[in-house]
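Comments concern the structure below.
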Amino acid sequence: MTTLLVDVRAKRFPPVGSAPARQALGPVRFSVRRGERVAIVGPSGCGKTTLLNLVAGLDPDFEGRIERPAPPIGYVFQEPRLLPWRTVADNLRFVLGDVPDAETRIARALAEVELPDAAPVYASRLSLGMARRVALARAIVVRPSLLLLDEPFVSLDQPTGERLRLLVLELLEKHAITGLLVTHDLREAVMLAERILVLSASPGRLLGELEVALEPSARRDPASVDAVHLRLRSAARALVEAAAELPA
């Protein structure tokens, strides 16, 4: 059953000051089934984050249509975007509002991101890796129908990034969350997604998609992930080269 339908014909940014108008996207059309995990890859500046913001409903100014699942939607941004003057628990309470089981949800979400004792800590005192875990907890504590992840592992050292990828994988599988991930790292997409959408250089348009044939256990095996990554890297390159040969 389809839970997300994206049909963007074009997204343009108007001129600002001396900067001219710019087309960022289009056309990009795809759907995501309930419980499916899909990754979006493409070169820097191709409009991946712009597309994710359209899906989230943060930017309604585009040509086309997007059919989203019922709220809530969880969003893990490139930066943690925590309120530094608030505690970890307060940051999670902020998105929960007045739900009666807020404290139970907060405790469970922090335990799931392996920060069971972090509730009273001020966000300003967290390491980057911890802050990213709290940002993930904030996104899942609302029990989202759709989880959006915008390069959530950027700027992390390799061991921390790998541990966080495994954590995200475990959470997506455990809760059967529909996930849409933006990344510039094809290997990361192979590890986390069942399908990979390949965007062109700016203005980003959908070149094609790649199926990731990996069993859940194999996603935790670096050798298995590397083997599929190698194969799909060639396939992604072929999509890009074929698009370059088409007339503009």
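FYI, nothing fancy with the structure tokens labels: chains A, B, ... in order, residues from 1 per chain, ligands from 1 as they appear.
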
All residues 10 Å or closer to region 3-13 of chain A, only C-alpha atoms, same chain fewer than 4 positions away omitted, as a PyMOL selection string: chain A and resi 20-36+47+50-51+54-55+59-70+145-146+178+180+203-205

Nearby residues (only C-alpha atoms) at most 10 Å from Phe94 (chain A), same-chain spacing under 5 positions excluded, as a PyMOL selection string: chain A and resi 83+86+89+138

Per-residue DSSP, region 5-247 of chain A, filtered to helix (DSSP H, G or I), as a VMD selection string: chain A and resid 48 to 56 88 to 96 102 to 112 123 to 125 128 to 140 158 to 175 186 to 192 216 to 220 222 to 244

Test item, strand (DSSP E or B) assignment across region 38-139 of chain A, answer as a PyMOL selection string: chain A and resi 38-41+63-67+73-76+87+122

Each residue of region 22-65 of chain A with at least one atom at most 12 Å from region 211-217 of chain A should appear once, together with its nearest atom pair and the corresponding distance in Å (one decimal); atoms considered: only C-alpha atoms; ordering: chain, then increasing residue number; output as a tab-separated table.
residue	atom	partner	partner_atom	distance
A:Glu36	CA	A:Val212	CA	11.8
A:Arg37	CA	A:Val212	CA	10.4
A:Val38	CA	A:Glu211	CA	9.6
A:Ala39	CA	A:Val212	CA	10.3

Contacts of Val228 (chain A) within 12 Å, only C-alpha atoms, excl. fewer than 6 positions in-chain, as a list in words: Leu186, Arg187, Glu188, Ala189, Val190, Met191, Ala193, Glu194, Leu210, Glu211, Val212, Ala213, Leu214, Glu215, Ala218, Arg219, Asp221, Pro222, Ser234, Ala235 and Ala236 of chain A

Serialized selection, all heavy atoms, as a compact mmCIF listing (two decimals), in the first residue's frame:
# COMPACT_ATOMS: atom_id res chain seq x y z
N LEU A 186 26.61 6.33 -1.24
CA LEU A 186 25.88 5.22 -1.81
C LEU A 186 25.96 3.98 -0.92
O LEU A 186 24.99 3.23 -0.81
CB LEU A 186 26.41 4.90 -3.22
CG LEU A 186 25.66 3.81 -3.99
CD1 LEU A 186 24.21 4.19 -4.20
CD2 LEU A 186 26.35 3.54 -5.33
N ARG A 187 27.08 3.76 -0.28
CA ARG A 187 27.20 2.60 0.61
C ARG A 187 26.21 2.70 1.77
O ARG A 187 25.60 1.70 2.18
CB ARG A 187 28.63 2.46 1.14
CG ARG A 187 28.84 1.20 1.96
CD ARG A 187 30.23 1.15 2.59
NE ARG A 187 30.45 -0.12 3.28
CZ ARG A 187 29.97 -0.41 4.50
NH1 ARG A 187 29.25 0.49 5.15
NH2 ARG A 187 30.21 -1.59 5.04
N GLU A 188 26.08 3.89 2.30
CA GLU A 188 25.12 4.12 3.37
C GLU A 188 23.70 3.82 2.90
O GLU A 188 22.90 3.21 3.63
CB GLU A 188 25.24 5.57 3.82
CG GLU A 188 24.37 6.00 4.97
CD GLU A 188 24.74 7.40 5.38
OE1 GLU A 188 25.76 7.57 6.07
OE2 GLU A 188 24.02 8.36 4.99
N ALA A 189 23.40 4.23 1.67
CA ALA A 189 22.08 3.95 1.10
C ALA A 189 21.86 2.46 0.96
O ALA A 189 20.76 1.95 1.22
CB ALA A 189 21.95 4.65 -0.25
N VAL A 190 22.88 1.73 0.53
CA VAL A 190 22.77 0.27 0.40
C VAL A 190 22.47 -0.37 1.74
O VAL A 190 21.64 -1.29 1.85
CB VAL A 190 24.07 -0.30 -0.20
CG1 VAL A 190 24.10 -1.82 -0.08
CG2 VAL A 190 24.22 0.11 -1.67
N MET A 191 23.12 0.10 2.78
CA MET A 191 22.95 -0.49 4.11
C MET A 191 21.55 -0.26 4.66
O MET A 191 20.96 -1.15 5.30
CB MET A 191 23.99 0.11 5.06
CG MET A 191 23.94 -0.42 6.48
SD MET A 191 25.24 0.34 7.49
CE MET A 191 24.89 -0.40 9.08
N ALA A 193 18.60 1.17 2.89
CA ALA A 193 17.41 1.28 2.04
C ALA A 193 17.14 0.00 1.24
O ALA A 193 18.04 -0.79 0.97
CB ALA A 193 17.56 2.47 1.09
N GLU A 194 15.89 -0.15 0.87
CA GLU A 194 15.48 -1.24 -0.02
C GLU A 194 15.47 -0.80 -1.47
O GLU A 194 15.58 -1.63 -2.37
CB GLU A 194 14.10 -1.72 0.39
CG GLU A 194 14.05 -2.31 1.79
CD GLU A 194 12.66 -2.35 2.36
OE1 GLU A 194 12.09 -1.28 2.63
OE2 GLU A 194 12.14 -3.47 2.53
N LEU A 210 17.37 1.96 -8.15
CA LEU A 210 18.14 0.73 -8.00
C LEU A 210 17.54 -0.07 -6.85
O LEU A 210 17.26 0.47 -5.78
CB LEU A 210 19.61 1.04 -7.69
CG LEU A 210 20.32 2.02 -8.65
CD1 LEU A 210 21.68 2.40 -8.07
CD2 LEU A 210 20.47 1.40 -10.02
N GLU A 211 17.33 -1.36 -7.08
CA GLU A 211 16.85 -2.25 -6.04
C GLU A 211 18.03 -2.76 -5.21
O GLU A 211 19.07 -3.12 -5.76
CB GLU A 211 16.10 -3.44 -6.66
CG GLU A 211 14.83 -3.06 -7.40
CD GLU A 211 13.70 -2.66 -6.46
OE1 GLU A 211 13.74 -3.07 -5.27
OE2 GLU A 211 12.78 -1.95 -6.91
N VAL A 212 17.87 -2.78 -3.90
CA VAL A 212 18.90 -3.28 -3.00
C VAL A 212 18.46 -4.66 -2.48
O VAL A 212 17.60 -4.75 -1.62
CB VAL A 212 19.14 -2.32 -1.82
CG1 VAL A 212 20.26 -2.85 -0.94
CG2 VAL A 212 19.47 -0.92 -2.33
N ALA A 213 19.06 -5.70 -3.04
CA ALA A 213 18.69 -7.07 -2.67
C ALA A 213 19.57 -7.54 -1.51
O ALA A 213 20.61 -8.17 -1.73
CB ALA A 213 18.82 -7.99 -3.87
N LEU A 214 19.17 -7.19 -0.30
CA LEU A 214 19.92 -7.59 0.89
C LEU A 214 18.95 -8.03 1.97
O LEU A 214 17.99 -7.32 2.29
CB LEU A 214 20.76 -6.42 1.43
CG LEU A 214 22.19 -6.26 0.91
CD1 LEU A 214 22.80 -4.99 1.52
CD2 LEU A 214 23.05 -7.46 1.23
N GLU A 215 19.19 -9.20 2.55
CA GLU A 215 18.42 -9.64 3.69
C GLU A 215 18.78 -8.79 4.91
O GLU A 215 19.88 -8.22 4.98
CB GLU A 215 18.70 -11.12 3.97
CG GLU A 215 18.23 -12.06 2.87
CD GLU A 215 16.73 -12.03 2.69
OE1 GLU A 215 16.01 -11.92 3.72
OE2 GLU A 215 16.27 -12.08 1.53
N ALA A 218 22.16 -9.44 6.38
CA ALA A 218 23.28 -9.07 5.51
C ALA A 218 23.58 -7.58 5.59
O ALA A 218 24.71 -7.16 5.33
CB ALA A 218 22.97 -9.47 4.07
N ARG A 219 22.59 -6.78 5.97
CA ARG A 219 22.81 -5.34 6.09
C ARG A 219 23.75 -5.01 7.25
O ARG A 219 24.29 -3.92 7.32
CB ARG A 219 21.48 -4.61 6.27
CG ARG A 219 20.57 -4.71 5.05
CD ARG A 219 19.24 -4.00 5.24
NE ARG A 219 18.39 -4.22 4.08
CZ ARG A 219 18.44 -3.49 2.97
NH1 ARG A 219 19.28 -2.48 2.89
NH2 ARG A 219 17.64 -3.76 1.95
N ASP A 221 26.38 -6.96 7.82
CA ASP A 221 27.64 -7.60 7.44
C ASP A 221 28.38 -6.69 6.46
O ASP A 221 27.94 -6.53 5.32
CB ASP A 221 27.37 -8.95 6.81
CG ASP A 221 28.64 -9.60 6.27
OD1 ASP A 221 29.71 -9.41 6.89
OD2 ASP A 221 28.58 -10.25 5.22
N PRO A 222 29.49 -6.05 6.87
CA PRO A 222 30.19 -5.11 5.99
C PRO A 222 30.57 -5.71 4.64
O PRO A 222 30.49 -5.02 3.61
CB PRO A 222 31.43 -4.73 6.80
CG PRO A 222 31.03 -4.94 8.23
CD PRO A 222 30.11 -6.12 8.22
N SER A 234 28.32 0.82 -10.08
CA SER A 234 28.42 0.75 -11.54
C SER A 234 27.08 1.05 -12.20
O SER A 234 27.01 1.74 -13.22
CB SER A 234 28.91 -0.63 -11.97
OG SER A 234 30.19 -0.89 -11.45
N ALA A 235 26.00 0.53 -11.61
CA ALA A 235 24.68 0.78 -12.16
C ALA A 235 24.30 2.25 -12.06
O ALA A 235 23.71 2.82 -13.00
CB ALA A 235 23.64 -0.08 -11.43
N ALA A 236 24.63 2.89 -10.94
CA ALA A 236 24.33 4.32 -10.78
C ALA A 236 25.13 5.15 -11.78
O ALA A 236 24.62 6.11 -12.37
CB ALA A 236 24.65 4.75 -9.36

Ala119 (chain A) surroundings by only C-alpha atoms, 10 Å radius, close-in-sequence under 5 positions cut, as a list in words: Thr87, Val88, Ala89, Asp90, Asn91, Leu92, Ile106, Ala107, Leu110 and Val134 of chain A

Emit the selected residues as a PDB file, in the first residue's frame, including N, CA and C atoms.
ATOM      1  N   THR A  87      16.960  20.927  28.499  1.00  0.00           N
ATOM      2  CA  THR A  87      17.476  19.582  28.725  1.00  0.00           C
ATOM      3  C   THR A  87      17.068  18.677  27.564  1.00  0.00           C
ATOM      4  N   VAL A  88      17.680  17.506  27.528  1.00  0.00           N
ATOM      5  CA  VAL A  88      17.333  16.520  26.507  1.00  0.00           C
ATOM      6  C   VAL A  88      15.843  16.184  26.595  1.00  0.00           C
ATOM      7  N   ALA A  89      15.357  15.933  27.820  1.00  0.00           N
ATOM      8  CA  ALA A  89      13.940  15.604  27.985  1.00  0.00           C
ATOM      9  C   ALA A  89      13.045  16.741  27.518  1.00  0.00           C
ATOM     10  N   ASP A  90      13.436  17.977  27.806  1.00  0.00           N
ATOM     11  CA  ASP A  90      12.636  19.129  27.372  1.00  0.00           C
ATOM     12  C   ASP A  90      12.567  19.221  25.854  1.00  0.00           C
ATOM     13  N   ASN A  91      13.672  18.880  25.177  1.00  0.00           N
ATOM     14  CA  ASN A  91      13.672  18.906  23.713  1.00  0.00           C
ATOM     15  C   ASN A  91      12.679  17.900  23.138  1.00  0.00           C
ATOM     16  N   LEU A  92      12.542  16.769  23.801  1.00  0.00           N
ATOM     17  CA  LEU A  92      11.568  15.780  23.337  1.00  0.00           C
ATOM     18  C   LEU A  92      10.143  16.174  23.724  1.00  0.00           C
ATOM     19  N   ILE A 106       9.244   9.441  26.289  1.00  0.00           N
ATOM     20  CA  ILE A 106      10.589  10.022  26.323  1.00  0.00           C
ATOM     21  C   ILE A 106      11.596   9.002  26.844  1.00  0.00           C
ATOM     22  N   ALA A 107      11.257   8.336  27.927  1.00  0.00           N
ATOM     23  CA  ALA A 107      12.160   7.341  28.497  1.00  0.00           C
ATOM     24  C   ALA A 107      12.422   6.218  27.508  1.00  0.00           C
ATOM     25  N   LEU A 110      14.694   7.492  24.484  1.00  0.00           N
ATOM     26  CA  LEU A 110      16.091   7.665  24.876  1.00  0.00           C
ATOM     27  C   LEU A 110      16.768   6.317  25.097  1.00  0.00           C
ATOM     28  N   VAL A 134      20.005  12.199  20.147  1.00  0.00           N
ATOM     29  CA  VAL A 134      18.846  12.889  20.712  1.00  0.00           C
ATOM     30  C   VAL A 134      17.926  13.381  19.594  1.00  0.00           C
TER      31      VAL A 134
END

Long-range neighbours of Val240 (chain A) as a list in words, 12 Å cut-off, only C-alpha atoms, 5 positions minimum in chain: Val41, Gly42, Pro43, Leu197, Val198, Leu199, Ser200, Ala201, Gly204, Arg205, Leu206, Leu207, Gly208, Glu209, Arg233, Ser234, Ala235, Glu245 and Leu246 of chain A

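By chain and then residue number, the residues within 12 Å of Thr104 (chain A) are Ala89, Leu92, Arg93, Leu96, Val99, Pro100, Arg108, Ala109, Leu110, Ala111, Pro116, Ala119, Val141 and Val142 of chain A, counting only C-alpha atoms and disregarding those fewer than 4 positions away in sequence.
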
Taking N, CA and C atoms for each residue, export the selection above as a PDB file, in the first residue's frame.
ATOM      1  N   ALA A  89      15.357  15.933  27.820  1.00  0.00           N
ATOM      2  CA  ALA A  89      13.940  15.604  27.985  1.00  0.00           C
ATOM      3  C   ALA A  89      13.045  16.741  27.518  1.00  0.00           C
ATOM      4  N   LEU A  92      12.542  16.769  23.801  1.00  0.00           N
ATOM      5  CA  LEU A  92      11.568  15.780  23.337  1.00  0.00           C
ATOM      6  C   LEU A  92      10.143  16.174  23.724  1.00  0.00           C
ATOM      7  N   ARG A  93       9.981  16.774  24.912  1.00  0.00           N
ATOM      8  CA  ARG A  93       8.650  17.230  25.323  1.00  0.00           C
ATOM      9  C   ARG A  93       8.114  18.287  24.360  1.00  0.00           C
ATOM     10  N   LEU A  96       6.238  16.691  21.639  1.00  0.00           N
ATOM     11  CA  LEU A  96       5.139  15.829  22.060  1.00  0.00           C
ATOM     12  C   LEU A  96       3.892  16.603  22.456  1.00  0.00           C
ATOM     13  N   VAL A  99       0.547  15.119  25.172  1.00  0.00           N
ATOM     14  CA  VAL A  99       0.144  13.715  25.184  1.00  0.00           C
ATOM     15  C   VAL A  99       0.274  13.169  26.613  1.00  0.00           C
ATOM     16  N   PRO A 100      -0.672  12.352  27.058  1.00  0.00           N
ATOM     17  CA  PRO A 100      -0.682  11.927  28.468  1.00  0.00           C
ATOM     18  C   PRO A 100       0.482  11.024  28.854  1.00  0.00           C
ATOM     19  N   ARG A 108      11.368   5.774  26.806  1.00  0.00           N
ATOM     20  CA  ARG A 108      11.530   4.680  25.853  1.00  0.00           C
ATOM     21  C   ARG A 108      12.386   5.111  24.662  1.00  0.00           C
ATOM     22  N   ALA A 109      12.149   6.321  24.138  1.00  0.00           N
ATOM     23  CA  ALA A 109      12.901   6.796  22.978  1.00  0.00           C
ATOM     24  C   ALA A 109      14.381   6.959  23.314  1.00  0.00           C
ATOM     25  N   LEU A 110      14.694   7.492  24.484  1.00  0.00           N
ATOM     26  CA  LEU A 110      16.091   7.665  24.876  1.00  0.00           C
ATOM     27  C   LEU A 110      16.768   6.317  25.097  1.00  0.00           C
ATOM     28  N   ALA A 111      16.040   5.358  25.628  1.00  0.00           N
ATOM     29  CA  ALA A 111      16.611   4.016  25.782  1.00  0.00           C
ATOM     30  C   ALA A 111      16.905   3.399  24.415  1.00  0.00           C
ATOM     31  N   PRO A 116      19.859   6.224  27.916  1.00  0.00           N
ATOM     32  CA  PRO A 116      18.815   6.134  28.945  1.00  0.00           C
ATOM     33  C   PRO A 116      18.969   7.124  30.091  1.00  0.00           C
ATOM     34  N   ALA A 119      18.292  12.237  29.988  1.00  0.00           N
ATOM     35  CA  ALA A 119      17.133  13.134  30.083  1.00  0.00           C
ATOM     36  C   ALA A 119      17.445  14.464  30.766  1.00  0.00           C
ATOM     37  N   VAL A 141      10.042   9.762  18.821  1.00  0.00           N
ATOM     38  CA  VAL A 141       9.194   9.809  20.013  1.00  0.00           C
ATOM     39  C   VAL A 141       7.749  10.154  19.657  1.00  0.00           C
ATOM     40  N   VAL A 142       7.534  10.792  18.506  1.00  0.00           N
ATOM     41  CA  VAL A 142       6.176  11.150  18.080  1.00  0.00           C
ATOM     42  C   VAL A 142       5.465   9.981  17.409  1.00  0.00           C
TER      43      VAL A 142
END

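Across the structure, CA of Leu136 (chain A) and CA of Val76 (chain A) are spaced 6.1 Å apart.
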
One-decimal distance in Å that lies between CA of Met130 (chain A) and CA of Ala118 (chain A):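 About the pair CA of Ala118 (chain A) and CA of Met130 (chain A): they are 9.1 Å apart.
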
All residues 12 Å or closer to Ser155 (chain A), only C-alpha atoms, same chain fewer than 6 positions away omitted, as number ranges by chain: A: 78-80, 127-129, 132, 161

Dump as a PDB file, in the first residue's frame, selection limited to N, CA, C and O atoms:
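Full text of part16.pdb as output:
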ATOM      1  N   GLN A  78      20.093  17.683   8.958  1.00  0.00           N
ATOM      2  CA  GLN A  78      21.548  17.555   8.855  1.00  0.00           C
ATOM      3  C   GLN A  78      22.218  17.970  10.157  1.00  0.00           C
ATOM      4  O   GLN A  78      23.198  17.367  10.579  1.00  0.00           O
ATOM      5  N   GLU A  79      21.716  19.024  10.769  1.00  0.00           N
ATOM      6  CA  GLU A  79      22.197  19.458  12.076  1.00  0.00           C
ATOM      7  C   GLU A  79      21.174  19.050  13.125  1.00  0.00           C
ATOM      8  O   GLU A  79      19.969  19.036  12.849  1.00  0.00           O
ATOM      9  N   PRO A  80      21.613  18.739  14.334  1.00  0.00           N
ATOM     10  CA  PRO A  80      20.657  18.260  15.346  1.00  0.00           C
ATOM     11  C   PRO A  80      19.516  19.223  15.659  1.00  0.00           C
ATOM     12  O   PRO A  80      18.409  18.805  15.970  1.00  0.00           O
ATOM     13  N   SER A 127      27.972  15.804  23.190  1.00  0.00           N
ATOM     14  CA  SER A 127      28.881  15.658  22.053  1.00  0.00           C
ATOM     15  C   SER A 127      28.036  15.606  20.780  1.00  0.00           C
ATOM     16  O   SER A 127      26.807  15.429  20.824  1.00  0.00           O
ATOM     17  N   LEU A 128      28.691  15.747  19.617  1.00  0.00           N
ATOM     18  CA  LEU A 128      27.945  15.716  18.359  1.00  0.00           C
ATOM     19  C   LEU A 128      27.244  14.377  18.176  1.00  0.00           C
ATOM     20  O   LEU A 128      26.078  14.326  17.765  1.00  0.00           O
ATOM     21  N   GLY A 129      27.943  13.288  18.500  1.00  0.00           N
ATOM     22  CA  GLY A 129      27.324  11.983  18.359  1.00  0.00           C
ATOM     23  C   GLY A 129      26.109  11.829  19.248  1.00  0.00           C
ATOM     24  O   GLY A 129      25.072  11.285  18.834  1.00  0.00           O
ATOM     25  N   ARG A 132      23.189  13.917  17.917  1.00  0.00           N
ATOM     26  CA  ARG A 132      22.515  13.283  16.784  1.00  0.00           C
ATOM     27  C   ARG A 132      21.586  12.164  17.252  1.00  0.00           C
ATOM     28  O   ARG A 132      20.529  11.930  16.662  1.00  0.00           O
ATOM     29  N   GLY A 161      29.732   7.044  13.241  1.00  0.00           N
ATOM     30  CA  GLY A 161      28.775   7.016  12.145  1.00  0.00           C
ATOM     31  C   GLY A 161      28.249   5.618  11.879  1.00  0.00           C
ATOM     32  O   GLY A 161      27.048   5.424  11.657  1.00  0.00           O
TER      33      GLY A 161
END
